[in-house]
Every structure is written in C-alpha cells, then in structure tokens.
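Undergrad: Take a look at model-v7.csv, CSV, N, CA and C atoms:
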chain,number,residue,atom,x,y,z
E,11,MET,N,2.0,113.2,107.4
E,11,MET,CA,2.2,113.6,108.8
E,11,MET,C,1.0,114.6,109.2
E,12,ASP,N,0.6,114.5,110.4
E,12,ASP,CA,-0.5,115.4,110.8
E,12,ASP,C,-0.1,116.8,110.8
E,13,GLN,N,-1.1,117.7,111.0
E,13,GLN,CA,-0.8,119.1,110.8
E,13,GLN,C,-0.2,119.8,112.1
E,14,THR,N,-0.2,119.1,113.2
E,14,THR,CA,0.4,119.7,114.4
E,14,THR,C,1.9,119.5,114.4
E,15,SER,N,2.6,120.4,115.1
E,15,SER,CA,4.0,120.3,115.2
E,15,SER,C,4.4,119.3,116.2
E,16,PRO,N,5.7,118.7,116.0
E,16,PRO,CA,6.2,117.8,117.0
E,16,PRO,C,6.3,118.5,118.4
E,17,PRO,N,6.0,117.7,119.4
E,17,PRO,CA,6.0,118.3,120.8
E,17,PRO,C,7.4,118.5,121.3
E,18,VAL,N,7.7,119.6,122.0
E,18,VAL,CA,8.9,119.8,122.7
E,18,VAL,C,8.8,118.9,123.9
E,19,PRO,N,9.8,118.0,124.1
E,19,PRO,CA,9.7,117.1,125.2
E,19,PRO,C,9.4,117.8,126.6
E,20,GLN,N,8.5,117.2,127.3
E,20,GLN,CA,8.0,117.9,128.6
E,20,GLN,C,9.2,118.1,129.5
E,21,ARG,N,10.1,117.2,129.6
E,21,ARG,CA,11.3,117.4,130.5
E,21,ARG,C,12.1,118.6,130.1
E,22,LEU,N,12.3,118.9,128.8
E,22,LEU,CA,13.0,120.1,128.4
E,22,LEU,C,12.1,121.3,128.7
E,23,GLN,N,10.8,121.2,128.5
E,23,GLN,CA,10.0,122.4,128.8
E,23,GLN,C,10.1,122.7,130.3
E,24,ASP,N,10.2,121.7,131.2
E,24,ASP,CA,10.3,121.9,132.6
E,24,ASP,C,11.6,122.5,132.9
E,25,ILE,N,12.7,122.0,132.4
E,25,ILE,CA,14.1,122.5,132.6
E,25,ILE,C,14.2,123.9,132.2
E,26,LEU,N,13.6,124.3,131.0
E,26,LEU,CA,13.8,125.6,130.4
E,26,LEU,C,12.6,126.5,130.7
E,27,LYS,N,11.8,126.2,131.7
E,27,LYS,CA,10.6,127.0,132.0
E,27,LYS,C,10.9,128.5,132.1
E,28,ASP,N,12.0,128.9,132.6
E,28,ASP,CA,12.4,130.3,132.8
E,28,ASP,C,12.9,130.9,131.5
E,29,TYR,N,12.9,130.2,130.4
E,29,TYR,CA,13.4,130.6,129.1
E,29,TYR,C,12.5,130.3,128.0
E,30,PRO,N,11.3,130.9,128.0
E,30,PRO,CA,10.3,130.6,127.0
E,30,PRO,C,10.8,130.8,125.5
E,31,GLU,N,11.7,131.7,125.3
E,31,GLU,CA,12.3,131.9,124.0
E,31,GLU,C,13.1,130.7,123.5
E,32,LEU,N,13.7,130.0,124.5
E,32,LEU,CA,14.5,128.8,124.1
E,32,LEU,C,13.5,127.7,123.8
E,33,ILE,N,12.4,127.5,124.5
E,33,ILE,CA,11.4,126.5,124.2
E,33,ILE,C,10.8,126.8,122.8
E,34,ALA,N,10.6,128.0,122.5
E,34,ALA,CA,10.0,128.4,121.2
E,34,ALA,C,11.1,128.0,120.1
E,35,ALA,N,12.3,128.3,120.4
E,35,ALA,CA,13.4,127.9,119.4
E,35,ALA,C,13.4,126.4,119.2
E,36,LEU,N,13.3,125.6,120.3
E,36,LEU,CA,13.2,124.2,120.1
E,36,LEU,C,12.0,123.7,119.3
E,37,ALA,N,10.9,124.4,119.6
E,37,ALA,CA,9.7,124.0,118.8
E,37,ALA,C,9.9,124.3,117.3
E,38,GLY,N,10.5,125.4,117.0
E,38,GLY,CA,10.7,125.8,115.6
E,38,GLY,C,11.7,124.8,115.0
E,39,THR,N,12.7,124.4,115.7
E,39,THR,CA,13.7,123.5,115.1
E,39,THR,C,13.1,122.1,114.9
E,40,LEU,N,12.2,121.7,115.8
E,40,LEU,CA,11.5,120.4,115.7
E,40,LEU,C,10.5,120.4,114.5
E,41,ASN,N,9.9,121.5,114.3
E,41,ASN,CA,8.9,121.7,113.2
E,41,ASN,C,9.7,121.6,111.9
E,42,ASP,N,10.8,122.3,111.8
E,42,ASP,CA,11.7,122.3,110.6
E,42,ASP,C,12.2,120.9,110.3
E,43,ALA,N,12.6,120.2,111.3
E,43,ALA,CA,13.0,118.8,111.1
E,43,ALA,C,11.9,117.9,110.6
E,44,ALA,N,10.7,118.1,111.1
E,44,ALA,CA,9.6,117.3,110.8
E,44,ALA,C,9.1,117.6,109.3
E,45,THR,N,9.2,118.8,108.9
E,45,THR,CA,8.8,119.1,107.6
E,45,THR,C,9.8,119.0,106.5
E,46,ASN,N,11.1,118.9,106.9
E,46,ASN,CA,12.2,118.7,105.9
E,46,ASN,C,13.2,117.8,106.4
E,47,PRO,N,12.9,116.5,106.5
E,47,PRO,CA,13.9,115.5,107.0
E,47,PRO,C,15.1,115.2,106.1
E,48,ARG,N,15.1,115.8,104.9
E,48,ARG,CA,16.3,115.6,104.0
E,48,ARG,C,16.7,114.2,103.8
E,49,GLY,N,15.6,113.3,103.6
E,49,GLY,CA,15.9,111.9,103.2
E,49,GLY,C,16.2,111.0,104.4
E,50,ASN,N,16.3,111.6,105.6
E,50,ASN,CA,16.6,110.8,106.8
E,50,ASN,C,15.3,110.5,107.5
E,51,PRO,N,15.2,109.5,108.4
E,51,PRO,CA,14.0,109.2,109.1
E,51,PRO,C,13.7,110.5,110.0
E,52,PRO,N,12.4,110.9,109.9
E,52,PRO,CA,12.0,112.2,110.6
E,52,PRO,C,12.3,112.2,112.1
E,53,TYR,N,12.1,111.0,112.8
E,53,TYR,CA,12.4,111.0,114.2
E,53,TYR,C,13.8,111.3,114.5
E,54,GLU,N,14.7,110.6,113.8
E,54,GLU,CA,16.2,110.9,113.9
E,54,GLU,C,16.5,112.3,113.7
E,55,MET,N,15.9,112.9,112.6
E,55,MET,CA,16.2,114.3,112.3
E,55,MET,C,15.8,115.2,113.4
E,56,ALA,N,14.6,114.9,114.0
E,56,ALA,CA,14.2,115.7,115.2
E,56,ALA,C,15.1,115.6,116.3
E,57,VAL,N,15.6,114.4,116.6
E,57,VAL,CA,16.5,114.2,117.8
E,57,VAL,C,17.8,115.0,117.5
E,58,TRP,N,18.3,114.8,116.3
E,58,TRP,CA,19.6,115.5,115.9
E,58,TRP,C,19.3,117.0,116.0
E,59,ALA,N,18.2,117.5,115.6
E,59,ALA,CA,17.9,118.9,115.6
E,59,ALA,C,17.8,119.4,117.0
E,60,LEU,N,17.2,118.7,117.9
E,60,LEU,CA,17.2,119.0,119.4
E,60,LEU,C,18.6,119.1,119.9
E,61,GLU,N,19.4,118.1,119.6
E,61,GLU,CA,20.8,118.1,120.1
E,61,GLU,C,21.6,119.3,119.6
E,62,ASP,N,21.4,119.6,118.4
E,62,ASP,CA,22.2,120.7,117.8
E,62,ASP,C,21.7,122.0,118.4
E,63,MET,N,20.4,122.2,118.6
E,63,MET,CA,19.9,123.5,119.1
E,63,MET,C,20.4,123.6,120.6
E,64,LEU,N,20.3,122.5,121.3
E,64,LEU,CA,20.7,122.5,122.7
E,64,LEU,C,22.2,122.8,122.8
E,65,SER,N,23.0,122.3,121.9
E,65,SER,CA,24.4,122.6,121.9
E,65,SER,C,24.7,124.1,121.6
E,66,ARG,N,23.8,124.6,120.7
E,66,ARG,CA,23.9,126.1,120.5
E,66,ARG,C,23.6,126.9,121.7
E,67,PHE,N,22.6,126.4,122.5
E,67,PHE,CA,22.3,127.1,123.8
E,67,PHE,C,23.5,127.1,124.7
E,68,ILE,N,24.2,126.0,124.8
E,68,ILE,CA,25.4,125.9,125.6
E,68,ILE,C,26.4,126.9,125.2
E,69,SER,N,26.7,126.9,123.9
E,69,SER,CA,27.6,127.9,123.3
E,69,SER,C,27.3,129.3,123.7
E,70,ASP,N,26.0,129.7,123.5
E,70,ASP,CA,25.5,131.0,123.8
E,70,ASP,C,25.7,131.3,125.3
E,71,ALA,N,25.4,130.3,126.2
E,71,ALA,CA,25.5,130.5,127.6
E,71,ALA,C,27.0,130.7,128.0
E,72,ARG,N,27.9,130.0,127.3
E,72,ARG,CA,29.3,130.2,127.5
E,72,ARG,C,29.7,131.6,127.2
E,73,ASP,N,29.2,132.1,126.1
E,73,ASP,CA,29.5,133.5,125.7
E,73,ASP,C,29.0,134.5,126.7
E,74,GLU,N,27.8,134.2,127.2
E,74,GLU,CA,27.2,135.1,128.3
E,74,GLU,C,28.1,135.1,129.5
E,75,LEU,N,28.6,133.9,129.9
E,75,LEU,CA,29.4,133.8,131.1
E,75,LEU,C,30.7,134.5,130.9
E,76,GLU,N,31.3,134.4,129.7
E,76,GLU,CA,32.6,135.1,129.4
E,76,GLU,C,32.4,136.6,129.5
E,77,ALA,N,31.2,137.1,128.9
E,77,ALA,CA,30.9,138.5,129.0
E,77,ALA,C,30.7,139.0,130.4
E,78,ALA,N,30.0,138.2,131.2
E,78,ALA,CA,29.8,138.5,132.6
E,78,ALA,C,31.1,138.6,133.4
E,79,GLU,N,32.0,137.6,133.1
E,79,GLU,CA,33.3,137.6,133.8
E,79,GLU,C,34.1,138.8,133.4
E,80,ALA,N,34.0,139.2,132.2
E,80,ALA,CA,34.7,140.4,131.7
E,80,ALA,C,34.2,141.6,132.4
E,81,GLY,N,32.9,141.7,132.6
E,81,GLY,CA,32.3,142.8,133.3
E,81,GLY,C,32.5,142.8,134.8
E,82,GLY,N,32.8,141.7,135.4
E,82,GLY,CA,33.2,141.7,136.8
E,82,GLY,C,32.0,141.7,137.8
E,83,ASN,N,30.8,141.7,137.3
E,83,ASN,CA,29.7,141.8,138.2
E,83,ASN,C,29.4,140.4,138.8
E,84,ALA,N,29.5,140.2,140.1
E,84,ALA,CA,29.4,138.9,140.7
E,84,ALA,C,28.0,138.3,140.5
E,85,GLN,N,27.0,139.1,140.6
E,85,GLN,CA,25.6,138.5,140.3
E,85,GLN,C,25.4,138.1,138.9
E,86,ALA,N,25.9,138.9,138.0
E,86,ALA,CA,25.8,138.5,136.6
E,86,ALA,C,26.6,137.2,136.3
E,87,ILE,N,27.8,137.1,136.9
E,87,ILE,CA,28.6,135.9,136.7
E,87,ILE,C,27.8,134.7,137.2
E,88,GLU,N,27.2,134.8,138.4
E,88,GLU,CA,26.5,133.7,139.0
E,88,GLU,C,25.3,133.3,138.2
E,89,ARG,N,24.5,134.3,137.7
E,89,ARG,CA,23.4,134.0,136.8
E,89,ARG,C,23.8,133.3,135.5
E,90,ALA,N,24.9,133.8,134.9
E,90,ALA,CA,25.4,133.2,133.7
E,90,ALA,C,25.9,131.8,133.9
E,91,ASP,N,26.6,131.6,135.0
E,91,ASP,CA,27.1,130.2,135.4
E,91,ASP,C,25.9,129.3,135.6
E,92,ASP,N,24.9,129.8,136.3
E,92,ASP,CA,23.7,128.9,136.5
E,92,ASP,C,23.0,128.6,135.2
E,93,LYS,N,23.0,129.5,134.3
E,93,LYS,CA,22.4,129.3,133.0
E,93,LYS,C,23.2,128.2,132.2
E,94,LEU,N,24.5,128.4,132.2
E,94,LEU,CA,25.3,127.4,131.5
E,94,LEU,C,25.1,126.0,132.1
E,95,ASN,N,25.1,125.9,133.4
E,95,ASN,CA,24.8,124.6,134.0
E,95,ASN,C,23.5,124.0,133.6
E,96,LEU,N,22.5,124.9,133.6
E,96,LEU,CA,21.1,124.5,133.2
E,96,LEU,C,21.1,124.0,131.7
E,97,MET,N,21.9,124.6,130.9
E,97,MET,CA,21.9,124.2,129.5
E,97,MET,C,22.6,122.9,129.3
E,98,PHE,N,23.6,122.6,130.1
E,98,PHE,CA,24.3,121.3,130.1
E,98,PHE,C,23.3,120.2,130.6
E,99,ARG,N,22.5,120.5,131.6
E,99,ARG,CA,21.5,119.5,132.0
E,99,ARG,C,20.4,119.3,130.9
E,100,ALA,N,20.0,120.4,130.3
E,100,ALA,CA,19.0,120.2,129.2
E,100,ALA,C,19.6,119.3,128.1
E,101,ARG,N,20.9,119.5,127.7
E,101,ARG,CA,21.5,118.7,126.6
E,101,ARG,C,21.9,117.3,127.0
E,102,SER,N,21.9,117.0,128.3
E,102,SER,CA,22.3,115.7,128.8
E,102,SER,C,21.4,114.6,128.3
E,103,PRO,N,21.9,113.5,127.8
E,103,PRO,CA,21.0,112.4,127.4
E,103,PRO,C,20.4,111.7,128.6
E,104,ASN,N,20.9,111.9,129.8
E,104,ASN,CA,20.4,111.3,131.0
E,104,ASN,C,19.5,112.3,131.8
E,105,ILE,N,19.3,113.5,131.3
E,105,ILE,CA,18.5,114.5,132.0
E,105,ILE,C,17.5,115.0,131.0
E,106,GLY,N,17.9,116.0,130.3
E,106,GLY,CA,17.0,116.7,129.4
E,106,GLY,C,16.5,115.9,128.2
E,107,LEU,N,17.3,115.0,127.7
E,107,LEU,CA,17.0,114.2,126.5
E,107,LEU,C,16.7,112.8,126.9
E,108,ARG,N,16.4,112.6,128.2
E,108,ARG,CA,16.2,111.2,128.7
E,108,ARG,C,14.9,110.6,128.1
E,109,ASP,N,13.8,111.4,128.1
E,109,ASP,CA,12.5,110.8,127.7
E,109,ASP,C,12.0,111.5,126.5
E,110,LEU,N,12.2,110.8,125.3
E,110,LEU,CA,11.7,111.4,124.1
E,110,LEU,C,10.6,110.6,123.5
E,111,ASN,N,9.8,109.9,124.4
E,111,ASN,CA,8.7,109.1,124.0
E,111,ASN,C,7.6,109.9,123.2
E,112,GLY,N,7.4,111.1,123.7
E,112,GLY,CA,6.4,112.0,123.0
E,112,GLY,C,6.8,112.2,121.5
E,113,LEU,N,8.1,112.4,121.3
E,113,LEU,CA,8.5,112.6,119.9
E,113,LEU,C,8.4,111.3,119.1
E,114,TRP,N,8.8,110.2,119.7
E,114,TRP,CA,8.7,108.9,119.1
E,114,TRP,C,7.2,108.6,118.7
E,115,THR,N,6.3,108.9,119.6
E,115,THR,CA,4.9,108.6,119.4
E,115,THR,C,4.4,109.5,118.3
E,116,TYR,N,4.8,110.8,118.3
E,116,TYR,CA,4.4,111.7,117.2
E,116,TYR,C,4.8,111.2,115.8
E,117,PHE,N,6.1,110.8,115.7
E,117,PHE,CA,6.6,110.4,114.4
E,117,PHE,C,6.1,109.0,114.0
E,118,ASN,N,6.0,108.1,115.0
E,118,ASN,CA,5.5,106.7,114.7
E,118,ASN,C,4.0,106.8,114.4
E,119,GLY,N,3.3,107.7,115.0
E,119,GLY,CA,1.8,107.8,114.7
E,119,GLY,C,1.7,108.4,113.3
E,120,ALA,N,2.5,109.3,112.9
E,120,ALA,CA,2.4,109.9,111.6
E,120,ALA,C,2.7,108.9,110.5
E,121,LYS,N,3.7,108.0,110.8
E,121,LYS,CA,4.0,107.0,109.8
E,121,LYS,C,2.8,106.0,109.7
E,122,GLU,N,2.2,105.6,110.8
E,122,GLU,CA,1.0,104.7,110.8
E,122,GLU,C,-0.1,105.4,110.1
E,123,ASN,N,-0.3,106.7,110.2
E,123,ASN,CA,-1.4,107.4,109.5
E,123,ASN,C,-1.2,107.4,108.0
E,124,GLN,N,0.0,107.4,107.6
E,124,GLN,CA,0.3,107.4,106.1
E,124,GLN,C,0.0,106.0,105.5
E,125,GLY,N,0.3,105.0,106.2
E,125,GLY,CA,0.2,103.6,105.7
E,125,GLY,C,-0.9,102.9,106.1
Please express what this file holds, its structure, as structure tokens.
TA:
Amino acid sequence: MDQTSPPVPQRLQDILKDYPELIAALAGTLNDAATNPRGNPPYEMAVWALEDMLSRFISDARDELEAAEAGGNAQAIERADDKLNLMFRARSPNIGLRDLNGLWTYFNGAKENQG
C-alpha cells in the first residue's frame, strides 16, 4: 500500500466542514483500517470503520442534545439538534456515504501496485 493515508470522502468533508476535529477523527480511523485490516479486505474495513465512527458521532450528538435539553437553553438545544441532524446526514448511505469512489480508487490502486 502506498504511504499516504486513505482520503476522507469529499462529501463527508463538505458535510462536516464546521467540525474539523470530526474530519480528523475520520482520517485517523481510515488510516487505522488501512494499516490493520485484520484479515478482511481493506476497502471493506475502511467502509465499516467510517460507518462505525459516524455512528459514534450520532451517539455523541444525542448526548449533547440531551445535555442541552436538561440545561433548558433554547439556542443550545437548537444547535445540538442541528448537529444531530447533520450527523444523521453524514452517516446516511444516500448522502454522506453515497460516493466512496475515492476510497475504492485508493485501495484498488494499492492492490494493483502490489501485484
């Protein structure tokens, strides 16, 4: 496999542009999946890793919404609700995970370079 890390899909980068720490977390999880596929095809591991991390983002956003609701601040509730909806869009196979061609190309190219 080449020395660069797998790319975070552009659609996810666009959706999460206001959350660079989440994009960095996705990059880290993709890199981990690429370097340690645990006997599974690396592309599939990368997709599963993305799905798992995005599910974690949803869980965290739910926690933030619950905390905001407990605090009673309308603006905080609205921000947390907006973030939760954004995380659902990012995790959606029809929105955030719709175009994974860059990942496919990354792993398919790595396989071709080995053989």
Undergrad: What gap, in Å, lies between atom C of Ala35 in chain E and atom N of Ser69 in chain E?
TA: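 Between atom C of Ala35 in chain E and atom N of Ser69 in chain E the gap works out to 14.1 Å.
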Undergrad: From range 86-121 of chain E, collect each residue whose DSSP state is alpha helix (DSSP H) and return the set as number ranges by chain.
TA: E: 86-101, 111-121
Undergrad: Find the residues near range 100-112 of chain E: any atom within 6 Å, counting only C-alpha atoms, skip ones fewer than 5 places away on the same chain, and give them as a PyMOL selection string.
TA: chain E and resi 21-22+64
Undergrad: Hey, can you check how far CA of Tyr116 in chain E sits from atom C of Thr39 in chain E?
TA: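 Calculated distance between CA of Tyr116 in chain E and atom C of Thr39 in chain E is 13.8 Å.
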Undergrad: Please measure the separation of atom N of Ala84 in chain E and CA of Phe98 in chain E, giving the value in Å to one decimal.
TA: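 For atom N of Ala84 in chain E relative to CA of Phe98 in chain E, the distance reads 22.0 Å.
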Undergrad: Here is a test: counting all atoms listed in the file, which residue of E:Leu26, E:Leu36, E:Arg48, E:Arg72 is nearest to Leu60 in chain E?
TA: E:Leu36
Undergrad: Rank E:Ala71, E:Asn41, E:Ala86, E:Asp92 by their smallest atom-to-atom distance to Tyr53 in chain E, using only C-alpha atoms, and report the top residue only.
TA: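 Closest to Tyr53 in chain E, using only C-alpha atoms: E:Asn41.
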Undergrad: Could you tell me which of E:Arg99, E:Trp58, E:Thr45, E:Phe117 comes closest to Pro17 in chain E if we count only C-alpha atoms?
TA: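 Of the candidates, the smallest distance to Pro17 in chain E is held by E:Phe117.
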Undergrad: Determine the nearest neighbour of Leu40 in chain E from the options E:Lys93, E:Gln23, E:Ala78, E:Leu113, counting only C-alpha atoms.
TA: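 Counting only C-alpha atoms, the residue closest to Leu40 in chain E is E:Leu113.
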Undergrad: Take range 17-28 of chain E, model all heavy atoms, and hand the result over as a PDB file, in the frame of the given file.
TA:
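Full text of out.pdb as output:
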ATOM      1  N   PRO E  17       6.000 117.700 119.400  1.00  0.00           N
ATOM      2  CA  PRO E  17       6.000 118.300 120.800  1.00  0.00           C
ATOM      3  C   PRO E  17       7.400 118.500 121.300  1.00  0.00           C
ATOM      4  O   PRO E  17       8.272 117.639 121.126  1.00  0.00           O
ATOM      5  CB  PRO E  17       5.248 117.312 121.639  1.00  0.00           C
ATOM      6  CG  PRO E  17       5.513 115.996 120.959  1.00  0.00           C
ATOM      7  CD  PRO E  17       5.565 116.325 119.479  1.00  0.00           C
ATOM      8  N   VAL E  18       7.700 119.600 122.000  1.00  0.00           N
ATOM      9  CA  VAL E  18       8.900 119.800 122.700  1.00  0.00           C
ATOM     10  C   VAL E  18       8.800 118.900 123.900  1.00  0.00           C
ATOM     11  O   VAL E  18       7.807 118.934 124.623  1.00  0.00           O
ATOM     12  CB  VAL E  18       9.134 121.260 123.135  1.00  0.00           C
ATOM     13  CG1 VAL E  18      10.361 121.379 124.036  1.00  0.00           C
ATOM     14  CG2 VAL E  18       9.261 122.173 121.929  1.00  0.00           C
ATOM     15  N   PRO E  19       9.800 118.000 124.100  1.00  0.00           N
ATOM     16  CA  PRO E  19       9.700 117.100 125.200  1.00  0.00           C
ATOM     17  C   PRO E  19       9.400 117.800 126.600  1.00  0.00           C
ATOM     18  O   PRO E  19       9.972 118.851 126.830  1.00  0.00           O
ATOM     19  CB  PRO E  19      11.027 116.367 125.259  1.00  0.00           C
ATOM     20  CG  PRO E  19      11.467 116.419 123.821  1.00  0.00           C
ATOM     21  CD  PRO E  19      10.983 117.749 123.327  1.00  0.00           C
ATOM     22  N   GLN E  20       8.500 117.200 127.300  1.00  0.00           N
ATOM     23  CA  GLN E  20       8.000 117.900 128.600  1.00  0.00           C
ATOM     24  C   GLN E  20       9.200 118.100 129.500  1.00  0.00           C
ATOM     25  O   GLN E  20       9.285 119.164 130.169  1.00  0.00           O
ATOM     26  CB  GLN E  20       6.982 117.014 129.285  1.00  0.00           C
ATOM     27  CG  GLN E  20       6.373 117.688 130.499  1.00  0.00           C
ATOM     28  CD  GLN E  20       5.667 118.982 130.141  1.00  0.00           C
ATOM     29  OE1 GLN E  20       4.859 119.021 129.220  1.00  0.00           O
ATOM     30  NE2 GLN E  20       5.982 120.064 130.845  1.00  0.00           N
ATOM     31  N   ARG E  21      10.100 117.200 129.600  1.00  0.00           N
ATOM     32  CA  ARG E  21      11.300 117.400 130.500  1.00  0.00           C
ATOM     33  C   ARG E  21      12.100 118.600 130.100  1.00  0.00           C
ATOM     34  O   ARG E  21      12.498 119.406 130.969  1.00  0.00           O
ATOM     35  CB  ARG E  21      12.207 116.143 130.447  1.00  0.00           C
ATOM     36  CG  ARG E  21      13.359 116.191 131.433  1.00  0.00           C
ATOM     37  CD  ARG E  21      14.145 114.904 131.423  1.00  0.00           C
ATOM     38  NE  ARG E  21      13.370 113.754 131.813  1.00  0.00           N
ATOM     39  CZ  ARG E  21      13.170 113.363 133.078  1.00  0.00           C
ATOM     40  NH1 ARG E  21      13.675 114.057 134.058  1.00  0.00           N
ATOM     41  NH2 ARG E  21      12.481 112.293 133.349  1.00  0.00           N
ATOM     42  N   LEU E  22      12.300 118.900 128.800  1.00  0.00           N
ATOM     43  CA  LEU E  22      13.000 120.100 128.400  1.00  0.00           C
ATOM     44  C   LEU E  22      12.100 121.300 128.700  1.00  0.00           C
ATOM     45  O   LEU E  22      12.679 122.344 129.078  1.00  0.00           O
ATOM     46  CB  LEU E  22      13.261 120.003 126.868  1.00  0.00           C
ATOM     47  CG  LEU E  22      14.383 119.067 126.468  1.00  0.00           C
ATOM     48  CD1 LEU E  22      14.509 118.983 124.959  1.00  0.00           C
ATOM     49  CD2 LEU E  22      15.700 119.507 127.086  1.00  0.00           C
ATOM     50  N   GLN E  23      10.800 121.200 128.500  1.00  0.00           N
ATOM     51  CA  GLN E  23      10.000 122.400 128.800  1.00  0.00           C
ATOM     52  C   GLN E  23      10.100 122.700 130.300  1.00  0.00           C
ATOM     53  O   GLN E  23      10.154 123.866 130.701  1.00  0.00           O
ATOM     54  CB  GLN E  23       8.507 122.061 128.515  1.00  0.00           C
ATOM     55  CG  GLN E  23       8.227 122.000 127.032  1.00  0.00           C
ATOM     56  CD  GLN E  23       6.767 121.803 126.744  1.00  0.00           C
ATOM     57  OE1 GLN E  23       5.916 122.487 127.307  1.00  0.00           O
ATOM     58  NE2 GLN E  23       6.465 120.862 125.866  1.00  0.00           N
ATOM     59  N   ASP E  24      10.200 121.700 131.200  1.00  0.00           N
ATOM     60  CA  ASP E  24      10.300 121.900 132.600  1.00  0.00           C
ATOM     61  C   ASP E  24      11.600 122.500 132.900  1.00  0.00           C
ATOM     62  O   ASP E  24      11.719 123.459 133.726  1.00  0.00           O
ATOM     63  CB  ASP E  24      10.116 120.564 133.374  1.00  0.00           C
ATOM     64  CG  ASP E  24       8.707 119.992 133.269  1.00  0.00           C
ATOM     65  OD1 ASP E  24       7.766 120.731 132.885  1.00  0.00           O
ATOM     66  OD2 ASP E  24       8.551 118.787 133.550  1.00  0.00           O
ATOM     67  N   ILE E  25      12.700 122.000 132.400  1.00  0.00           N
ATOM     68  CA  ILE E  25      14.100 122.500 132.600  1.00  0.00           C
ATOM     69  C   ILE E  25      14.200 123.900 132.200  1.00  0.00           C
ATOM     70  O   ILE E  25      14.793 124.766 132.857  1.00  0.00           O
ATOM     71  CB  ILE E  25      15.121 121.602 131.951  1.00  0.00           C
ATOM     72  CG1 ILE E  25      15.177 120.233 132.645  1.00  0.00           C
ATOM     73  CG2 ILE E  25      16.497 122.271 131.977  1.00  0.00           C
ATOM     74  CD1 ILE E  25      16.028 119.209 131.911  1.00  0.00           C
ATOM     75  N   LEU E  26      13.600 124.300 131.000  1.00  0.00           N
ATOM     76  CA  LEU E  26      13.800 125.600 130.400  1.00  0.00           C
ATOM     77  C   LEU E  26      12.600 126.500 130.700  1.00  0.00           C
ATOM     78  O   LEU E  26      12.450 127.517 130.002  1.00  0.00           O
ATOM     79  CB  LEU E  26      13.987 125.416 128.900  1.00  0.00           C
ATOM     80  CG  LEU E  26      15.209 124.600 128.479  1.00  0.00           C
ATOM     81  CD1 LEU E  26      15.217 124.370 126.977  1.00  0.00           C
ATOM     82  CD2 LEU E  26      16.494 125.257 128.945  1.00  0.00           C
ATOM     83  N   LYS E  27      11.800 126.200 131.700  1.00  0.00           N
ATOM     84  CA  LYS E  27      10.600 127.000 132.000  1.00  0.00           C
ATOM     85  C   LYS E  27      10.900 128.500 132.100  1.00  0.00           C
ATOM     86  O   LYS E  27       9.991 129.298 131.814  1.00  0.00           O
ATOM     87  CB  LYS E  27       9.870 126.435 133.187  1.00  0.00           C
ATOM     88  CG  LYS E  27      10.614 126.625 134.509  1.00  0.00           C
ATOM     89  CD  LYS E  27       9.872 125.969 135.650  1.00  0.00           C
ATOM     90  CE  LYS E  27      10.568 126.118 136.969  1.00  0.00           C
ATOM     91  NZ  LYS E  27      11.870 125.525 137.075  1.00  0.00           N
ATOM     92  N   ASP E  28      12.000 128.900 132.600  1.00  0.00           N
ATOM     93  CA  ASP E  28      12.400 130.300 132.800  1.00  0.00           C
ATOM     94  C   ASP E  28      12.900 130.900 131.500  1.00  0.00           C
ATOM     95  O   ASP E  28      13.206 132.122 131.459  1.00  0.00           O
ATOM     96  CB  ASP E  28      13.401 130.463 133.864  1.00  0.00           C
ATOM     97  CG  ASP E  28      12.861 130.065 135.231  1.00  0.00           C
ATOM     98  OD1 ASP E  28      11.631 130.182 135.452  1.00  0.00           O
ATOM     99  OD2 ASP E  28      13.661 129.624 136.080  1.00  0.00           O
TER     100      ASP E  28
END
